[in-house]
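Trainee: File query.json follows (JSON, C-alpha atoms):
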```
[["chain", "number", "residue", "atom", "x", "y", "z"],
["A", 1, "MET", "CA", 21.01, -17.93, -13.24],
["A", 2, "ALA", "CA", 20.66, -14.80, -11.10],
["A", 3, "ALA", "CA", 17.43, -13.84, -12.92],
["A", 4, "LEU", "CA", 16.03, -17.31, -12.28],
["A", 5, "LEU", "CA", 16.91, -16.99, -8.61],
["A", 6, "VAL", "CA", 15.03, -13.68, -8.43],
["A", 7, "VAL", "CA", 11.88, -15.21, -9.94],
["A", 8, "VAL", "CA", 12.07, -18.23, -7.66],
["A", 9, "THR", "CA", 12.61, -15.98, -4.65],
["A", 10, "CYS", "CA", 9.55, -13.87, -5.56],
["A", 11, "LEU", "CA", 7.27, -16.76, -6.46],
["A", 12, "GLY", "CA", 8.59, -19.34, -4.03],
["A", 13, "SER", "CA", 6.95, -17.68, -1.05],
["A", 14, "GLY", "CA", 3.50, -18.85, -2.15],
["A", 15, "GLY", "CA", 2.37, -15.40, -3.30],
["A", 16, "GLN", "CA", 2.20, -13.91, -6.74],
["A", 17, "VAL", "CA", 4.47, -11.15, -7.96],
["A", 18, "ASP", "CA", 1.40, -8.86, -8.25],
["A", 19, "ASP", "CA", 1.09, -9.06, -4.47],
["A", 20, "LEU", "CA", 4.19, -6.83, -4.15],
["A", 21, "LEU", "CA", 2.30, -3.60, -4.89],
["A", 22, "LYS", "CA", -1.23, -2.64, -3.86],
["A", 23, "ILE", "CA", -2.69, 0.28, -5.82],
["A", 24, "ASP", "CA", -5.74, 2.21, -4.63],
["A", 25, "GLY", "CA", -6.87, 4.78, -7.17],
["A", 26, "SER", "CA", -9.51, 7.47, -7.31],
["A", 27, "VAL", "CA", -10.46, 10.53, -9.34],
["A", 28, "GLN", "CA", -10.95, 13.99, -7.84],
["A", 29, "PRO", "CA", -13.47, 15.48, -8.15],
["A", 30, "LYS", "CA", -15.79, 12.46, -8.27],
["A", 31, "ARG", "CA", -18.06, 13.84, -11.02],
["A", 32, "LEU", "CA", -16.45, 15.85, -13.77],
["A", 33, "SER", "CA", -17.78, 18.32, -16.31],
["A", 34, "ARG", "CA", -16.41, 18.56, -19.84],
["A", 35, "GLY", "CA", -13.37, 20.84, -19.91],
["A", 36, "GLU", "CA", -12.79, 20.50, -16.16],
["A", 37, "GLU", "CA", -9.37, 19.74, -14.72],
["A", 38, "GLY", "CA", -9.02, 16.84, -12.32],
["A", 39, "ARG", "CA", -6.47, 14.57, -10.68],
["A", 40, "ILE", "CA", -5.90, 10.85, -10.54],
["A", 41, "ILE", "CA", -4.95, 9.97, -6.95],
["A", 42, "LEU", "CA", -2.87, 6.81, -6.53],
["A", 43, "LYS", "CA", -2.06, 5.41, -3.10],
["A", 44, "LEU", "CA", 0.65, 2.77, -3.29],
["A", 45, "GLN", "CA", 1.52, 0.21, -0.66],
["A", 46, "VAL", "CA", 4.20, -2.50, -0.74],
["A", 47, "GLN", "CA", 4.85, -5.53, 1.41],
["A", 48, "GLU", "CA", 6.97, -5.10, 4.52],
["A", 49, "GLY", "CA", 10.67, -5.00, 3.64],
["A", 50, "VAL", "CA", 10.06, -4.29, -0.06],
["A", 51, "PHE", "CA", 10.98, -0.98, -1.70],
["A", 52, "LEU", "CA", 10.30, 0.51, -5.11],
["A", 53, "SER", "CA", 13.51, 1.69, -6.72],
["A", 54, "ALA", "CA", 13.65, 5.10, -8.34],
["A", 55, "GLN", "CA", 16.22, 3.80, -10.84],
["A", 56, "PRO", "CA", 16.36, 2.50, -13.48],
["A", 57, "PHE", "CA", 12.71, 3.55, -13.82],
["A", 58, "PHE", "CA", 9.32, 4.10, -12.23],
["A", 59, "ILE", "CA", 6.66, 4.79, -14.88],
["A", 60, "ILE", "CA", 2.89, 5.33, -14.69],
["A", 61, "GLU", "CA", 0.97, 4.75, -17.92],
["A", 62, "PHE", "CA", -2.73, 5.10, -18.75],
["A", 63, "ALA", "CA", -4.67, 3.32, -21.49],
["A", 64, "PRO", "CA", -6.16, 5.79, -23.98],
["A", 65, "VAL", "CA", -9.70, 6.86, -23.13],
["A", 66, "THR", "CA", -11.60, 9.49, -25.12],
["A", 67, "GLU", "CA", -13.01, 11.19, -22.03],
["A", 68, "ILE", "CA", -9.68, 12.17, -20.44],
["A", 69, "VAL", "CA", -6.76, 14.14, -21.88],
["A", 70, "PHE", "CA", -3.39, 13.75, -20.16],
["A", 71, "PRO", "CA", -0.52, 16.20, -20.73],
["A", 72, "LYS", "CA", 1.77, 13.22, -21.53],
["A", 73, "ASN", "CA", 1.50, 9.56, -22.56],
["A", 74, "PHE", "CA", 3.38, 8.38, -19.47],
["A", 75, "PHE", "CA", 4.73, 9.85, -16.24],
["A", 76, "THR", "CA", 7.99, 9.22, -14.39],
["A", 77, "ALA", "CA", 8.69, 9.83, -10.71],
["A", 78, "SER", "CA", 10.46, 13.09, -11.56],
["A", 79, "ASP", "CA", 7.57, 14.25, -13.80],
["A", 80, "LEU", "CA", 5.22, 14.01, -10.83],
["A", 81, "ASN", "CA", 7.68, 15.36, -8.24],
["A", 82, "ILE", "CA", 7.53, 12.11, -6.27],
["A", 83, "GLY", "CA", 9.91, 12.24, -3.34],
["A", 84, "LEU", "CA", 12.78, 9.85, -2.86],
["A", 85, "ILE", "CA", 14.10, 8.26, 0.30],
["A", 86, "GLU", "CA", 17.88, 7.82, 0.37],
["A", 87, "GLU", "CA", 19.13, 4.78, 2.26],
["A", 88, "LYS", "CA", 22.34, 2.79, 2.49],
["A", 89, "THR", "CA", 20.89, 0.26, 0.05],
["A", 90, "GLY", "CA", 19.90, 2.93, -2.54],
["A", 91, "SER", "CA", 17.13, 5.39, -3.25],
["A", 92, "SER", "CA", 13.46, 4.39, -3.06],
["A", 93, "ILE", "CA", 10.17, 5.98, -4.03],
["A", 94, "ASP", "CA", 8.53, 7.75, -1.06],
["A", 95, "LEU", "CA", 5.13, 6.09, -0.72],
["A", 96, "SER", "CA", 4.01, 8.08, 2.34],
["A", 97, "LYS", "CA", 2.04, 10.55, 0.19],
["A", 98, "PRO", "CA", -0.47, 9.80, -2.59],
["A", 99, "ILE", "CA", 0.68, 10.32, -6.18],
["A", 100, "GLU", "CA", -1.33, 12.91, -8.12],
["A", 101, "VAL", "CA", -1.58, 12.86, -11.92],
["A", 102, "PRO", "CA", -3.25, 15.88, -13.57],
["A", 103, "PHE", "CA", -5.69, 15.62, -16.49],
["A", 104, "THR", "CA", -8.46, 17.51, -18.30],
["A", 105, "VAL", "CA", -11.85, 16.13, -19.28],
["A", 106, "SER", "CA", -12.31, 16.21, -23.04],
["A", 107, "LEU", "CA", -14.92, 18.61, -24.40],
["A", 108, "ASP", "CA", -16.20, 15.64, -26.44],
["A", 109, "ALA", "CA", -16.55, 13.37, -23.37],
["A", 110, "ASN", "CA", -19.66, 11.22, -23.29],
["A", 111, "PRO", "CA", -21.70, 11.64, -20.10],
["A", 112, "GLY", "CA", -21.94, 8.72, -17.70],
["A", 113, "GLY", "CA", -19.69, 6.19, -16.03],
["A", 114, "HIS", "CA", -16.28, 5.23, -17.38],
["A", 115, "ILE", "CA", -13.30, 3.08, -16.46],
["A", 116, "LEU", "CA", -9.71, 4.31, -16.70],
["A", 117, "GLU", "CA", -7.09, 1.56, -16.85],
["A", 118, "GLY", "CA", -3.42, 2.01, -16.17],
["A", 119, "ARG", "CA", -0.25, 0.31, -15.13],
["A", 120, "ILE", "CA", 2.86, 1.06, -13.15],
["A", 121, "LYS", "CA", 6.22, -0.29, -14.33],
["A", 122, "TYR", "CA", 8.76, -0.52, -11.54],
["A", 123, "PHE", "CA", 11.67, -2.30, -9.91],
["A", 124, "ALA", "CA", 10.85, -3.83, -6.55],
["A", 125, "ARG", "CA", 13.70, -4.80, -4.27],
["A", 126, "SER", "CA", 14.21, -6.41, -0.89],
["A", 127, "PRO", "CA", 17.59, -5.64, 0.66],
["A", 128, "GLN", "CA", 16.88, -8.07, 3.52],
["A", 129, "GLU", "CA", 16.16, -10.99, 1.20],
["A", 130, "ASP", "CA", 18.72, -9.79, -1.39],
["A", 131, "TRP", "CA", 16.56, -9.68, -4.53],
["A", 132, "CYS", "CA", 15.19, -7.21, -7.05],
["A", 133, "TYR", "CA", 12.50, -7.70, -9.65],
["A", 134, "LYS", "CA", 11.31, -5.74, -12.70],
["A", 135, "THR", "CA", 7.52, -5.97, -13.01],
["A", 136, "THR", "CA", 4.28, -4.21, -13.89],
["A", 137, "SER", "CA", 1.11, -3.80, -11.80],
["A", 138, "LYS", "CA", -2.22, -2.90, -13.40],
["A", 139, "PHE", "CA", -5.07, -0.86, -11.93],
["A", 140, "SER", "CA", -8.44, 0.55, -12.94],
["A", 141, "ILE", "CA", -10.39, 3.55, -11.70],
["A", 142, "ALA", "CA", -14.09, 4.34, -12.17],
["A", 143, "PHE", "CA", -15.16, 7.93, -12.86],
["A", 144, "SER", "CA", -18.16, 9.73, -14.27],
["A", 145, "THR", "CA", -18.67, 12.75, -16.48],
["A", 146, "ARG", "CA", -21.55, 15.23, -16.76],
["A", 147, "THR", "CA", -23.18, 16.68, -19.84],
["A", 148, "THR", "CA", -22.34, 20.22, -18.71],
["A", 149, "VAL", "CA", -19.26, 22.15, -19.75],
["A", 150, "PHE", "CA", -17.03, 23.50, -16.96],
["A", 151, "LYS", "CA", -17.03, 27.29, -16.70],
["A", 152, "LYS", "CA", -14.06, 28.97, -15.05],
["A", 153, "LYS", "CA", -14.99, 31.59, -12.47]]
```
Will you turn the file into structure tokens for me?
Mentor:
Amino acid sequence: MAALLVVVTCLGSGGQVDDLLKIDGSVQPKRLSRGEEGRIILKLQVQEGVFLSAQPFFIIEFAPVTEIVFPKNFFTASDLNIGLIEEKTGSSIDLSKPIEVPFTVSLDANPGGHILEGRIKYFARSPQEDWCYKTTSKFSIAFSTRTTVFKKK
């Protein structure tokens, strides 16, 4: 019954659950050479009065793409040194700074434009409205690779 109340509370406001989290993503640098290291930059924004809980989990996952090699299959808040904000109602993910995820461009990467897809699994909560909700938000990021191989200086 409590789970049903949570879903009704989230969906009853006229919005969709996906509206809880806005994800703006980019790749730095914009154009990448094979063998070059880069970063995925994720800027997260939630609705007023909604927080992302650090527990039980906050996970960032990327769909496999041959052009990019990640050091892990998924990343937690602690893997990425994401700060936490401690409050009376519990700890929340600090969204004031962008999240950076490191990667390396594969030496076998095809040149041209590509799309990286990912998702964030999280618990959203609203202490004011007294609900919490386990959900996933998807995102995609465009990037391009060059034919050249990166040479370290």
Trainee: What is the atom CA of A:Lys97-atom CA of A:Gly118 distance in Å, reported with one decimal?
Mentor: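 Value for the atom CA of A:Lys97-atom CA of A:Gly118 distance: 19.2 Å.
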Trainee: So which residues touch stretch 113-115 of chain A within 8 Å, counting all atoms listed in the file, skipping near sequence neighbours fewer than 2 positions away, as a list in words?
Mentor: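 Once the nearby chain positions are removed, what remains is Pro111, Glu117, Ser140, Ile141, Ala142, Phe143, Ser144 and Thr145 of chain A.
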Trainee: Return the single residue from A:Arg125, A:Lys138, A:Lys88, A:Arg39 that is closest to A:Asp24, with distances computed using only C-alpha atoms.
Mentor: A:Lys138
Trainee: Can you pull out the residues contacting A:Lys22? Cut-off 7 Å, using only C-alpha atoms, and skip same-chain residues under 5 positions away; I want them as a ChimeraX atom specification.
Mentor: /A:44-46
Trainee: Work out how far atom CA of A:Leu52 is from atom CA of A:Ile93, in Å to one decimal.
Mentor: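 Result for atom CA of A:Ile93 versus atom CA of A:Leu52: 5.6 Å, one decimal.
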Trainee: Neighbours of A:Arg34 within 12 Å (only C-alpha atoms; same-chain residues fewer than 4 positions away dropped), as a PyMOL selection string?
Mentor: chain A and resi 38+66-69+103-112+144-152
Trainee: Applying 12 Å and all atoms listed in the file, which residues near A:Leu21 remain after dropping the ones on its own chain fewer than 3 positions away? List them as a list in words.
Mentor: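 These residues fall inside the cut-off: Gly15, Gln16, Val17, Asp18, Asp24, Leu42, Lys43, Leu44, Gln45, Val46, Gln47, Glu48, Val50, Phe51, Leu52, Leu95, Arg119, Ile120, Lys121, Tyr122, Phe123, Ala124, Arg125, Tyr133, Thr135, Thr136, Ser137, Lys138 and Phe139 of chain A.
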